[in-house]
$ cat query.cif   # mmCIF, C-alpha atoms
data_upload
#
loop_
_atom_site.label_atom_id
_atom_site.label_comp_id
_atom_site.auth_asym_id
_atom_site.auth_seq_id
_atom_site.Cartn_x
_atom_site.Cartn_y
_atom_site.Cartn_z
CA MET A 258 3.39 -0.64 13.13
CA SER A 259 2.12 -3.20 10.65
CA ILE A 260 -0.04 -6.26 10.98
CA TYR A 261 1.41 -9.43 9.49
CA CYS A 262 -1.35 -11.20 7.61
CA GLY A 263 -2.06 -12.78 4.23
CA LEU A 264 -0.69 -15.84 2.45
CA ALA A 265 1.86 -17.84 4.45
CA GLN A 266 1.00 -15.95 7.66
CA ILE A 267 -0.79 -17.06 10.84
CA ILE A 268 -3.68 -14.73 9.94
CA PRO A 269 -4.52 -15.87 6.35
CA GLU A 270 -6.93 -13.03 5.46
CA CYS A 271 -6.24 -9.45 6.53
CA PRO A 272 -8.74 -7.22 8.32
CA THR A 273 -10.81 -5.00 6.03
CA ALA A 274 -11.60 -1.28 6.33
CA ALA A 275 -14.96 0.39 6.86
CA VAL A 276 -16.23 3.03 4.45
CA ASN A 277 -14.20 6.27 4.53
CA SER A 278 -11.30 4.76 6.43
CA TRP A 279 -7.90 3.11 5.94
CA THR A 280 -6.96 -0.50 6.54
CA LEU A 281 -4.20 -1.09 9.04
CA TRP A 282 -0.67 -0.93 7.65
CA LEU A 283 -0.03 -4.35 6.11
CA ASP A 284 3.33 -6.07 5.71
CA ARG A 285 3.21 -9.66 4.47
CA ASP A 286 6.46 -10.11 2.64
CA ASP A 287 10.01 -9.41 3.76
CA PRO A 288 12.42 -8.63 0.95
CA SER A 289 13.59 -11.84 -0.68
CA GLY A 290 16.01 -12.79 -3.42
CA PHE A 291 13.62 -11.30 -5.98
CA GLY A 292 12.22 -8.25 -4.16
CA ASP A 293 9.36 -7.19 -1.88
CA TYR A 294 5.81 -8.04 -2.90
CA GLU A 295 2.95 -6.49 -0.91
CA THR A 296 0.16 -7.46 -3.30
CA VAL A 297 -3.62 -7.28 -2.87
CA GLU A 298 -4.07 -10.95 -3.77
CA SER A 299 -1.61 -11.90 -1.02
CA TYR A 300 -3.57 -9.99 1.62
CA PHE A 301 -7.04 -11.05 0.51
CA PRO A 302 -6.43 -14.46 -1.14
CA LEU A 303 -9.88 -15.93 -0.62
CA GLY A 304 -11.55 -13.62 -3.12
CA GLY A 305 -12.00 -10.96 -0.47
CA ALA A 306 -11.51 -7.25 -0.78
CA ALA A 307 -9.77 -4.59 1.30
CA CYS A 308 -13.10 -2.84 1.87
CA ALA A 309 -15.63 -4.34 4.26
CA ASP A 310 -18.48 -3.50 1.87
CA GLY A 311 -16.80 -5.48 -0.94
CA THR A 312 -15.90 -2.46 -3.07
CA MET A 313 -12.45 -1.75 -4.46
CA PRO A 314 -10.23 0.63 -2.49
CA THR A 315 -10.00 4.16 -3.87
CA ALA A 316 -6.46 4.91 -2.67
CA VAL A 317 -3.32 3.14 -1.51
CA GLN A 318 -0.30 4.28 0.46
CA CYS A 319 3.03 2.46 0.17
CA ARG A 320 6.04 3.21 2.33
CA VAL A 321 9.33 1.83 3.60
CA TYR A 322 8.65 -0.13 6.78
CA ASP A 323 11.68 1.00 8.80
CA THR A 324 11.78 4.71 7.90
CA GLN A 325 8.12 5.22 6.91
CA GLN A 326 9.34 7.13 3.84
CA SER A 327 6.78 7.25 1.05
CA TRP A 328 7.68 5.08 -1.95
CA ASP A 329 7.24 7.96 -4.41
CA LEU A 330 10.01 9.99 -2.73
CA LEU A 331 12.65 7.31 -3.31
CA PRO A 332 15.20 8.05 -6.05
CA TYR A 333 14.17 4.87 -7.89
CA ALA A 334 10.40 5.37 -7.54
CA ASN A 335 9.89 5.05 -11.31
CA SER A 336 10.99 1.40 -10.95
CA LEU A 337 8.39 0.63 -8.25
CA TYR A 338 4.72 -0.24 -8.59
CA CYS A 339 2.04 1.00 -6.15
CA ASP A 340 -1.67 1.09 -6.98
CA THR A 341 -5.09 -0.01 -5.69
CA GLU A 342 -5.47 -2.95 -8.06
CA LYS A 343 -2.15 -4.69 -7.52
CA GLY A 344 -0.74 -3.26 -4.29
CA PHE A 345 3.02 -2.77 -4.12
CA VAL A 346 5.92 -4.41 -5.96
CA CYS A 347 9.67 -3.76 -5.75
CA GLU A 348 11.85 -6.07 -7.85
CA ASN A 349 15.55 -6.26 -7.00
CA SER A 350 16.44 -6.49 -10.69
CA LYS A 351 14.88 -3.05 -11.33
CA VAL A 352 16.44 -1.05 -8.48
CA PRO A 353 20.10 -0.18 -7.76
CA HIS A 354 20.25 -2.40 -4.64
CA THR A 355 18.15 -4.91 -2.72
CA CYS A 356 14.61 -3.66 -2.08
CA PRO A 357 13.92 -2.50 1.47
CA ASP A 358 10.91 -3.86 3.36
CA PHE A 359 7.69 -2.02 2.44
CA GLU A 360 4.20 -1.84 3.92
CA VAL A 361 0.88 -0.76 2.41
CA ARG A 362 -2.59 0.32 3.43
CA PHE A 363 -5.78 0.82 1.44
CA TYR A 364 -8.47 3.50 1.67
CA CYS A 365 -12.14 2.62 1.23
CA GLY A 366 -14.72 5.24 0.29
CA GLU A 367 -15.05 8.50 -1.57
CA ASN A 368 -12.82 11.56 -1.27
CA ALA A 369 -9.65 9.57 -0.87
CA PRO A 370 -6.76 11.51 0.65
CA PRO A 371 -3.45 11.91 -1.23
CA THR A 372 -1.64 8.65 -1.86
CA SER A 373 1.79 9.88 -0.75
CA VAL A 374 2.13 9.57 3.02
CA ASN A 375 4.20 12.75 2.94
CA SER A 376 1.69 14.79 0.94
CA PRO A 377 -0.19 17.62 2.62
CA PRO A 378 -3.82 16.90 3.51
CA PRO A 379 -6.31 17.62 0.74
CA GLY A 380 -7.73 21.11 0.61
CA PRO A 381 -11.41 21.96 0.51
CA PRO A 382 -13.32 20.72 -2.54
CA THR A 383 -13.26 22.99 -5.56
CA ARG A 384 -16.69 24.07 -6.73
CA LEU A 385 -17.19 24.33 -10.45
CA GLU A 386 -19.61 27.04 -11.53
CA PRO A 387 -21.95 26.22 -14.44
#
$ encode --input "query.cif" --output "structure tokens"
Amino acid sequence: MSIYCGLAQIIPECPTAAVNSWTLWLDRDDPSGFGDYETVESYFPLGGAACADGTMPTAVQCRVYDTQQSWDLLPYANSLYCDTEKGFVCENSKVPHTCPDFEVRFYCGENAPPTSVNSPPPGPPTRLEP
């Protein structure tokens, strides 16, 4: 389940995340004639940040809204854009069909988990011996 917030929504600025936690799943834009744009600046347009402490998120997860399939498992993943600075972008002109509806969430804090929602949880930290 996503929260609808950001530009052109009833809730203009999305809720932020505390340290070492994820934001809610965010879905601002339905696919349009050009694609699906779930961008950071659309969610936090007033100069805000995804993290309550004002820091940049350290991880992002992007997935198809209906199926919850991770973006990086799609056959056209190399034509999609998902990162902490921009958010998510799918342009119809770069994929074999109209972009599905996507949603994103951002992680705030250290030791970010894997960015693919279908990835296994991270293992214990590796200790490097001097």
$ residues_around --input "query.cif" --residues "Thr341 in chain A" --least-positions-apart "5" --cutoff "12 Å" --atoms "all atoms listed in the file" --output "list in words"
Glu295, Thr296, Val297, Glu298, Ala306, Ala307, Cys308, Thr312, Met313, Pro314, Thr315, Ala316, Val317, Gln318, Cys319, Val346, Val361, Arg362, Phe363, Tyr364, Cys365, Ala369 and Thr372 of chain A
$ resolve_selection --input "query.cif" --expression "the PyMOL selection byres ((chain A and resi 354) around 12)" --output "list of chain:residue names"
A:Pro288, A:Gly290, A:Phe291, A:Gly292, A:Pro332, A:Tyr333, A:Ser336, A:Cys347, A:Glu348, A:Asn349, A:Ser350, A:Lys351, A:Val352, A:Pro353, A:Thr355, A:Cys356, A:Pro357
$ closest_residue --input "query.cif" --among "A:Asp284, A:Asp329, A:Asp323, A:Asp358" --to "Tyr300 in chain A" --atoms "all atoms listed in the file"
A:Asp284
$ atom_distance --input "query.cif" --atom1 "CA of Asn335 in chain A" --atom2 "CA of Pro272 in chain A"
29.7 Å
$ closest_residue --input "query.cif" --among "A:Glu360, A:Asp340, A:Glu367, A:Asp310" --to "Leu283 in chain A" --atoms "all atoms listed in the file"
A:Glu360
$ atom_distance --input "query.cif" --atom1 "CA of Asp293 in chain A" --atom2 "CA of Gly366 in chain A"
27.2 Å
$ atom_distance --input "query.cif" --atom1 "CA of Glu342 in chain A" --atom2 "CA of Leu281 in chain A"
17.2 Å
$ closest_residue --input "query.cif" --among "A:Trp282, A:Cys271, A:Ser289, A:Ser299" --to "Gln325 in chain A" --atoms "all atoms listed in the file"
A:Trp282
$ axis_aligned_box --input "query.cif" --around "range 348-358 of chain A" --padding-each-side "8 Å" --output "JSON"
{"center_x": 15.6, "center_y": -3.3, "center_z": -4.0, "size_x": 25.3, "size_y": 22.3, "size_z": 30.7}
$ closest_residue --input "query.cif" --among "A:Phe359, A:Ala309, A:Gly344, A:Thr280" --to "Trp328 in chain A" --atoms "only C-alpha atoms"
A:Phe359
